[in-house]
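In what follows, a single structure is set out as structure tokens and then discussed.
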Amino acid sequence: PKLLLMDEPLSNLDAKLRIDLRDEIRDIQKSIGIAAIYVTHDQEEALAISDRICVMNAGRIEQIGTPQEIYADPQTIFVASFVGTMNILPQEAGAALGLDPGGSAERVHHWAIRPEHIRLDEGGADRIRAAGAVDKYTYLGREAHVTVRTRAGKLVVQLADPAPMLGMSEGGPVSLAFRREHILMFDERGIRIPRRAA
């Protein structure tokens with residue numbers, strides 16, 4: 001066949017076998033040089049196996065792009081929240097965090113930032129700081145997730161390679177920091193607002 005269609009081929013397998021087989025499927029597809037459409041609801045699987053991804057919502061195309069474009073440059077709030085984990089905050093969070101939309105503030109309906117772009121106790125003149133309290137700490141081995149309550153709302157922070165003995169008690173104070181360029185803005189329709197045009 002000139003085109004291979006695979007619809008959720010790994011959905012009933014355990015996690016480790018899924019990873020092994022998705023890599024094997026990718027290798028076979030590349031070696032025989034056949035185009036393939038791969039349907040999956042597993043975002044990590046889509047990012048790992050694809051040259052290009054088409055994200056659909058209720059039968060409508062939201063965005064088409066490379067895995068890197070889909071993850072790092074989402075054009076709608078649906079794509080931002082569907083692919084990977086995203087902190088999405090309401091319009092009023094901007095004032096609580098001292099965020100400047102760089103133009104007509106009334107256009108910004110939601111702010112968003114990836115958990116891996118937030119740091120703990122790390123300052124710098126180019127960073128936005130936010131004080132908060134630990135709501136939950138989840139250790140996952142190669143990473144940990146910390147949910148922090150701030151004046152702007154709850155933010156999830158992803159820690160890479162956390163120390164095994166690191167523990168964060170509920171209610172404990174914590175300081176967050178992130179760069180302005182990592183903040184995404186969306187209008188009331190859920191469409192991304194480019195920073196230069198905000």
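Quick note on naming: the chains in the structure tokens go A, B, ... in the order shown, residues restart at 1 in each chain, and ligands are numbered from 1 in order of appearance.
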Picked from stretch 32-150 of chain A by DSSP as strand (DSSP E or B), as a PDB file with C-alpha atoms, in the first residue's frame:
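Result went into selection_7.pdb, see below:
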```pdb
ATOM      1  CA  ALA A  35       3.659   7.270   4.441  1.00  0.00           C
ATOM      2  CA  ALA A  36       1.535   6.518   7.475  1.00  0.00           C
ATOM      3  CA  ILE A  37      -1.358   8.155   9.296  1.00  0.00           C
ATOM      4  CA  TYR A  38      -1.237   7.236  12.974  1.00  0.00           C
ATOM      5  CA  VAL A  39      -4.292   7.995  15.095  1.00  0.00           C
ATOM      6  CA  ILE A  53       0.943  16.165  13.935  1.00  0.00           C
ATOM      7  CA  CYS A  54      -2.640  17.188  13.250  1.00  0.00           C
ATOM      8  CA  VAL A  55      -4.519  18.076  16.455  1.00  0.00           C
ATOM      9  CA  MET A  56      -8.281  17.806  16.062  1.00  0.00           C
ATOM     10  CA  ASN A  57     -11.106  19.002  18.300  1.00  0.00           C
ATOM     11  CA  ARG A  60     -12.139  20.318  13.405  1.00  0.00           C
ATOM     12  CA  ILE A  61      -8.427  20.833  12.798  1.00  0.00           C
ATOM     13  CA  GLU A  62      -6.916  23.008  15.521  1.00  0.00           C
ATOM     14  CA  GLN A  63      -3.287  22.971  14.365  1.00  0.00           C
ATOM     15  CA  ILE A  64      -0.907  21.098  12.066  1.00  0.00           C
ATOM     16  CA  GLY A  65       2.835  21.178  12.623  1.00  0.00           C
ATOM     17  CA  THR A  76      -4.985  27.696  20.426  1.00  0.00           C
ATOM     18  CA  ASN A  87      -0.799  25.833  33.580  1.00  0.00           C
ATOM     19  CA  ILE A  88      -3.709  27.974  32.403  1.00  0.00           C
ATOM     20  CA  LEU A  89      -4.618  31.034  34.446  1.00  0.00           C
ATOM     21  CA  PRO A  90      -7.519  33.478  34.078  1.00  0.00           C
ATOM     22  CA  HIS A 110      -6.008  33.494  29.612  1.00  0.00           C
ATOM     23  CA  TRP A 111      -2.319  33.228  30.468  1.00  0.00           C
ATOM     24  CA  ALA A 112      -0.452  29.923  30.145  1.00  0.00           C
ATOM     25  CA  ILE A 113       2.941  28.457  31.013  1.00  0.00           C
ATOM     26  CA  ARG A 119      11.699  27.267  38.698  1.00  0.00           C
ATOM     27  CA  LEU A 120      11.797  27.066  42.472  1.00  0.00           C
ATOM     28  CA  ARG A 127      12.442  36.741  35.850  1.00  0.00           C
ATOM     29  CA  ILE A 128       8.965  37.141  37.281  1.00  0.00           C
ATOM     30  CA  ARG A 129       8.713  36.040  40.911  1.00  0.00           C
ATOM     31  CA  ALA A 130       5.678  34.661  42.722  1.00  0.00           C
ATOM     32  CA  ALA A 131       5.350  33.575  46.342  1.00  0.00           C
ATOM     33  CA  GLY A 132       3.184  30.609  47.206  1.00  0.00           C
ATOM     34  CA  ALA A 133       2.575  27.596  49.404  1.00  0.00           C
ATOM     35  CA  VAL A 134       2.951  23.910  48.551  1.00  0.00           C
ATOM     36  CA  ASP A 135      -0.384  22.245  47.912  1.00  0.00           C
ATOM     37  CA  LYS A 136       0.894  18.825  46.778  1.00  0.00           C
ATOM     38  CA  TYR A 137       4.223  17.119  46.050  1.00  0.00           C
ATOM     39  CA  THR A 138       4.322  14.090  43.736  1.00  0.00           C
ATOM     40  CA  TYR A 139       7.592  12.177  43.280  1.00  0.00           C
ATOM     41  CA  GLU A 143      10.834  14.052  37.801  1.00  0.00           C
ATOM     42  CA  ALA A 144       8.564  15.457  40.492  1.00  0.00           C
ATOM     43  CA  HIS A 145       5.500  17.688  40.299  1.00  0.00           C
ATOM     44  CA  VAL A 146       4.821  20.389  42.856  1.00  0.00           C
ATOM     45  CA  THR A 147       1.416  22.057  42.924  1.00  0.00           C
ATOM     46  CA  VAL A 148       1.751  25.535  44.418  1.00  0.00           C
ATOM     47  CA  ARG A 149      -1.015  27.878  45.582  1.00  0.00           C
ATOM     48  CA  THR A 150      -0.288  31.488  44.591  1.00  0.00           C
TER      49      THR A 150
END
```
Could you write out, as a ChimeraX atom specification, all the residues of chain A that DSSP marks as alpha helix (DSSP H)?
/A:15-32,43-49,67-72,77-82,93-97
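When the distance limit is 8 Å and only C-alpha atoms are what count, the residues near stretch 19-26 of chain A, minus those fewer than 2 positions from it on the same chain, are Leu10, Ala15, Lys16, Leu17, Ile28, Gln29, Lys30, Glu45 and Ile49 of chain A.
Residues lying within 8 Å of A:Ile118, counting only C-alpha atoms and ignoring same-chain neighbours fewer than 5 positions away, are Ile113, Val157, Gln158, Leu176, Ala177 and Phe178 of chain A.
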For the selection just defined, write its residues with C-alpha atoms to a file, as an mmCIF file, in the first residue's frame.
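Saved file part23.cif follows:
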```cif
data_model
loop_
_atom_site.group_PDB
_atom_site.id
_atom_site.type_symbol
_atom_site.label_atom_id
_atom_site.label_comp_id
_atom_site.auth_asym_id
_atom_site.auth_seq_id
_atom_site.Cartn_x
_atom_site.Cartn_y
_atom_site.Cartn_z
ATOM 1 C CA ILE A 113 2.941 28.457 31.013
ATOM 2 C CA VAL A 157 5.986 23.038 38.685
ATOM 3 C CA GLN A 158 7.956 20.201 37.111
ATOM 4 C CA LEU A 176 8.546 30.566 42.016
ATOM 5 C CA ALA A 177 10.303 32.254 39.100
ATOM 6 C CA PHE A 178 9.828 32.186 35.334
#
```
Compile the contact shell of A:Ala72 as a PyMOL selection string: residues with an atom at most 12 Å away, counting only C-alpha atoms, same-chain residues fewer than 2 positions apart removed.
chain A and resi 47+65-70+74-76+79-81+83-86+112-114+116-117+181-184
For A:Ala48, which residue among A:Phe82, A:Ile77, A:Arg18, A:Ser31 is the nearest when counting only C-alpha atoms?
A:Arg18
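Between atom CA of A:Ala160 and atom CA of A:Pro194 there is a distance of 28.8 Å.
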